[in-house]
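Reviewing the structure listed below.
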Amino acid sequence: MASSTKNQAFLFGYRAYMAAFFIFLAAPLVAAGSFAFNDSLFPALPWQGFTLDWFFNDSEPKLGMFHDRRLLRGLYYSGIIGVMVSLLAVFVGTTNAFLFVRGNFPAKNFFYILMILPLVIPGVILGISILVMASNIANGVEDRFNLELEFLRPGILLVVFGQFSFVTTITSLVITARLKKFDTSLEEAALNLGASRAQVLRTVTLPFLRPAMIAAGIVAFLVSFENFNTTLFLVGSESPLTITMYDRMAKVGSTPVLNAVSFFLIVGSGLLALISVVIQRDPKSE
Amino acid sequence: MQSDIKRLSLILLFAPFALWIALLIILPHMGMVVLSLREKVAPRVYEFGFGNYIDFINEPIYWNTLLRTGSMSILVTFLALLIGFPIAYYIAKIAGKRSRGALFLLCLIPLWVSDLIRAFGWILLLRETGVISTFLIRIGLIDQPIEFLYNDITVVIGLVYTVILFMIVPLVSTLDGMDNAMIEAGYNLGGNGFTVLRRIIVPYAMPGIVSGCIVVFMMTAGSYLTPILLGGKNSSWFTEQIYDQFITRFNWESGAAFGFLLLAFTSVVVWIGLRLTGQTLANTVAKS
C-alpha cells in the first residue's frame, strides 16, 4: 500500500515533468506566433487587441507579410530551393538505398559511414568548404580561359548544392529503412510471371518505396526551407526567407510582421510534417 | 551476361553516390585544408605554410573561443541527455499506445520549425521588454525590467532547446526496441529503480545515447544562430569567428584554417566519446 502511494506520487511527479517539458517546448513557438495578432507596432506586451493587419494590411507602417515584397521574394526563393533540393536528394537517396541494401561491393561499411558523415559535419563548415571550392574553380576558369562562370558564384545553385550535400544523408536513411523491409519474394513472383526487370521496378518496388520517398521529400523540403548555417555562406543576391528574416531581426525595431511569417511557417511546416508522418505510418495500404 | 548486367547496375547506382560524396564532401574539404595552408605574402601572391594555424595559437582569443565553444557544447549535450532521457523513457515505456504516438509527434513538430523562429520566440520571451519580464513586474515580483538575454545561461538554455529533440528521437527508438521483460526481471531479482536504470536500461540504450550525444554535440558546436541571437555580439562562439574571417574580413585562408580546426576539434571529441563508451559510428548514428 505504502509503495503504491509512493509509486503514484512518483508517477504524478513524472507526469508533471512531462507537462513542464512540453510547455518549455511550446513557449517560444507560442510567443513567436501569437504576437502576429497583436495590434501594436512592437512584438511585445501589452496586448493591444486582435488584428490580422500583419498578414493582410497593404500600407506602412503596418505592412502585412502578404504585401511585403522582400519577404514574399524570400518565400519564393526558399520554395524554389526547397523543391530543387528535395527532388535531387530523393533521387540520390533512392539510388543510395538500392546501392546499400541490394549492392555487394568491397568496403561497403566504409562507404556507408561516408554516407552518414555529412549529417555530423557542422553546417557552417559544409558552407565554407563548398564556397571555397566553387570559387576556386570559378577563379581558375576565369584566369585561364577568361570565362566568367556566374553559376559558381554565391547564389541559388550553390545554396542548393550546400543543402543537398547533407539533406541527401537524411533522405538516404529514410528510404534505406523502407527498402530493408521489402520482401524480395514479391519481385521474384513478378519476374516468374514474366515481367521484365524494369517493369518489376516500376510496378512493384517503387510503389512500395513511394511513401518513404514522399516522406523523405517533405523532410528534405522542410530542412532546406529552415536551413540557415550552410545557406549563410552561399547566398548571393537572391536571399531565401530565413536570411531575409535574419537581416530584419538583427536590425532593432522589428515589427510583428516577422511574427506573422513565423506563424505562417510554424503552421505550414507543422502540417507538412504531419503529412509526412501519416504517409509513412500507412504501410498496410500497399 | 547476367553478371555484366549486375555490374552495370551497380556502377549506375554507385555513380550518384560517388559524385555526391566526392564533389560536395571530400573535394571541398580537401580544398579547405589546402586553402588553410596558404599564406598571403602580397596581393594575389601566396606561399605554402602553417601561418594561419600559428596565428591561431598565438592569439588567445581564438583558442579560448574554441575551448569555450567545446566546453559549452559538452555541457549542452550533457544537459540534453539529462533532460531528454526521462522524456524518451516516458514516451517509449510508460505512455499508453495511443498517447505514445501523439507525444512523439509533439516532440517532432518543433523540430521542423526553423532555428530562427525558435530563437526569435526566446527573444520575445526573455528580453528586457519581453513577456517574462513584463509579467514579473505585473505580478509585483520585481519592480525593474530584467534583461534575461545576452548571458551564458540563456545561450545554454536556448541551445538545449534547439537540440534536445535530436537526443530524444534516437533514445525513443532504442528504448522502444527494449523488451519490458528485461526491466521486470531486474526488479524481480531484487534491484531497486536506480539499479535497474544503471545496470539494465542505460546499457541497453547506450547506442541511442551515444548517437544522440554525437549529433547533439556536433549540432551545438556548429550552431551559429542561437548563440548570436541569444548571446548577443559577444557570445564568443567559434562559428562566429569563422563567419567573421570569411565575410567581414574577407580573410578566407584564416577562415578555412578555423573551419578545419573546428572540424578536427569536434571530431576528436566525438572519437574520444566513442572510445570511452566502446561504440562505433556505424552502430550508433547510422542506426537511428
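Scheme for the C-alpha cells: letters A, B, ... for chains in order shown; per-chain residue numbers from 1; ligand numbers from 1 in order shown.
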Report task. Restrict the distance test to only C-alpha atoms, flag each residue of chain A within 7 Å of chain B, and return the flagged residues as a ChimeraX atom specification. Result -> /A:18,28-29,31-32,44-45,92,95-96,99,103,113,116,120-125,129-130,132-133,165,222,226,229,262,266,269-270,273
Requested in this report: Mind the document's chain letters and residue numbers, and return as a PyMOL selection string the residues of region 66-239 of chain A that DSSP labels helix (DSSP H, G or I).
Outcome: chain A and resi 66-67+69-102+108-120+123-145+150-152+156-180+184-192+197-226+229-234
Residues within 10 Å of region 205-209 of chain A, only C-alpha atoms, excluding chain neighbours under 5 positions, as a CSV table (one decimal) with C-alpha atoms, in the first residue's frame:
```csv
chain,number,residue,atom,x,y,z
A,94,THR,CA,16.8,6.3,-53.6
A,175,ILE,CA,14.4,5.4,-47.9
A,176,THR,CA,17.0,2.7,-46.9
A,177,ALA,CA,15.0,1.9,-43.8
A,178,ARG,CA,11.9,1.3,-46.0
A,179,LEU,CA,13.7,-0.8,-48.7
A,181,LYS,CA,11.6,-4.1,-45.1
A,182,PHE,CA,10.8,-5.0,-48.7
A,183,ASP,CA,10.1,-8.7,-49.2
A,184,THR,CA,12.1,-9.7,-52.2
A,186,LEU,CA,7.4,-10.1,-54.3
A,187,GLU,CA,9.9,-9.2,-57.0
A,198,ALA,CA,12.3,-2.5,-65.5
A,199,GLN,CA,8.6,-3.5,-65.1
A,200,VAL,CA,9.2,-5.0,-61.7
A,214,ILE,CA,7.3,11.2,-50.4
A,280,GLN,CA,4.9,6.8,-43.6
A,283,PRO,CA,2.4,0.6,-44.7
A,285,SER,CA,-2.4,0.0,-47.7
A,286,GLU,CA,0.1,-1.1,-50.4
```
Query raised in the report: Between CA of Asp39 (chain A) and CA of Gly64 (chain A), what is the spacing in Å?
Result: 11.9 Å
Report task. Could you please determine the separation between CA of Phe66 (chain A) and CA of Phe264 (chain A) in Å, to one decimal place? Result -> 10.6 Å
Query raised in the report: Got a sec: who's within 10 Å of Gly278 (chain B), counting only C-alpha atoms, leaving out chain neighbours fewer than 6 positions off, as a list in words?
Result: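 Once the nearby chain positions are removed, what remains is Met206, Pro207, Val210 and Ile272 of chain B.
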Would you save the residues from that selection as a PDB file, in the first residue's frame, using N, CA and C atoms?
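Result went into out-v2.pdb, see below:
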```pdb
ATOM      1  N   MET B 206      22.542   2.344 -24.685  1.00  0.00           N
ATOM      2  CA  MET B 206      23.810   3.010 -24.970  1.00  0.00           C
ATOM      3  C   MET B 206      23.977   3.447 -26.436  1.00  0.00           C
ATOM      4  N   PRO B 207      23.673   2.595 -27.420  1.00  0.00           N
ATOM      5  CA  PRO B 207      23.823   3.081 -28.804  1.00  0.00           C
ATOM      6  C   PRO B 207      22.998   4.338 -29.069  1.00  0.00           C
ATOM      7  N   VAL B 210      24.662   7.334 -27.228  1.00  0.00           N
ATOM      8  CA  VAL B 210      25.862   7.821 -27.917  1.00  0.00           C
ATOM      9  C   VAL B 210      25.486   8.521 -29.215  1.00  0.00           C
ATOM     10  N   ILE B 272      36.856  10.506 -28.934  1.00  0.00           N
ATOM     11  CA  ILE B 272      37.099  10.162 -27.529  1.00  0.00           C
ATOM     12  C   ILE B 272      35.830   9.593 -26.908  1.00  0.00           C
TER      13      ILE B 272
END
```
Close residues, Leu71 (chain A) itself excluded, 7 Å, only C-alpha atoms, min 3 positions apart in chain, as a PDB file with N, CA and C atoms, in the first residue's frame:
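The result, stored in selection.pdb:
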```
ATOM      1  N   MET A  65       2.551  40.724 -44.196  1.00  0.00           N
ATOM      2  CA  MET A  65       3.539  39.875 -44.874  1.00  0.00           C
ATOM      3  C   MET A  65       3.156  39.586 -46.322  1.00  0.00           C
ATOM      4  N   ASP A  68       4.469  42.415 -48.382  1.00  0.00           N
ATOM      5  CA  ASP A  68       5.864  42.797 -48.204  1.00  0.00           C
ATOM      6  C   ASP A  68       6.690  42.121 -49.296  1.00  0.00           C
ATOM      7  N   GLY A  74      11.631  36.323 -50.658  1.00  0.00           N
ATOM      8  CA  GLY A  74      12.361  35.335 -49.867  1.00  0.00           C
ATOM      9  C   GLY A  74      11.624  34.004 -49.831  1.00  0.00           C
ATOM     10  N   LEU A  75      10.319  34.079 -49.626  1.00  0.00           N
ATOM     11  CA  LEU A  75       9.489  32.876 -49.586  1.00  0.00           C
ATOM     12  C   LEU A  75       9.586  32.124 -50.916  1.00  0.00           C
ATOM     13  N   LEU A 241      14.117  32.999 -47.459  1.00  0.00           N
ATOM     14  CA  LEU A 241      13.353  33.631 -46.389  1.00  0.00           C
ATOM     15  C   LEU A 241      14.104  33.727 -45.068  1.00  0.00           C
ATOM     16  N   THR A 244      16.501  36.605 -45.175  1.00  0.00           N
ATOM     17  CA  THR A 244      15.776  37.876 -45.151  1.00  0.00           C
ATOM     18  C   THR A 244      15.291  38.187 -43.742  1.00  0.00           C
TER      19      THR A 244
END
```
Requested in this report: Pick out the residues sitting within 8 Å of Gly162 (chain A), and hand them over as a PyMOL selection string; count only C-alpha atoms, and ignore anything fewer than 6 positions along from it in its own chain.
Outcome: (chain A and resi 126-127+130+230-231+234) or (chain B and resi 24)
**Report entry** Distance in Å - CA of Lys93 (chain B) versus CA of Arg281 (chain A)
**Finding:** 19.9 Å
Query - Residue nearest Phe166 (chain A) among A:Leu88, A:Ala195, A:Ile243, A:Ala190 (counting only C-alpha atoms) - result: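 Of all the options, A:Leu88 lies closest to Phe166 (chain A).
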Requested in this report: Would you please work out which residue, of A:Leu11, A:Val160, A:Val174, A:Ala26, is nearest to Gly217 (chain A) when using only C-alpha atoms?
Outcome: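 For Gly217 (chain A), the nearest of the candidates is A:Val174.
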Query - Residue contacts of Asp176 (chain B) (8 Å, only C-alpha atoms) excluding same-chain residues fewer than 3 positions away, as a PyMOL selection string - result: chain B and resi 92-93+172-173
Query raised in the report: Which residue, B:Tyr53, B:Phe238, B:Tyr46, B:Tyr204, has the smallest gap to Asp179 (chain B) when you use only C-alpha atoms?
Result: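 Of B:Tyr53, B:Phe238, B:Tyr46, B:Tyr204, the one nearest Asp179 (chain B), counting only C-alpha atoms, is B:Tyr204.
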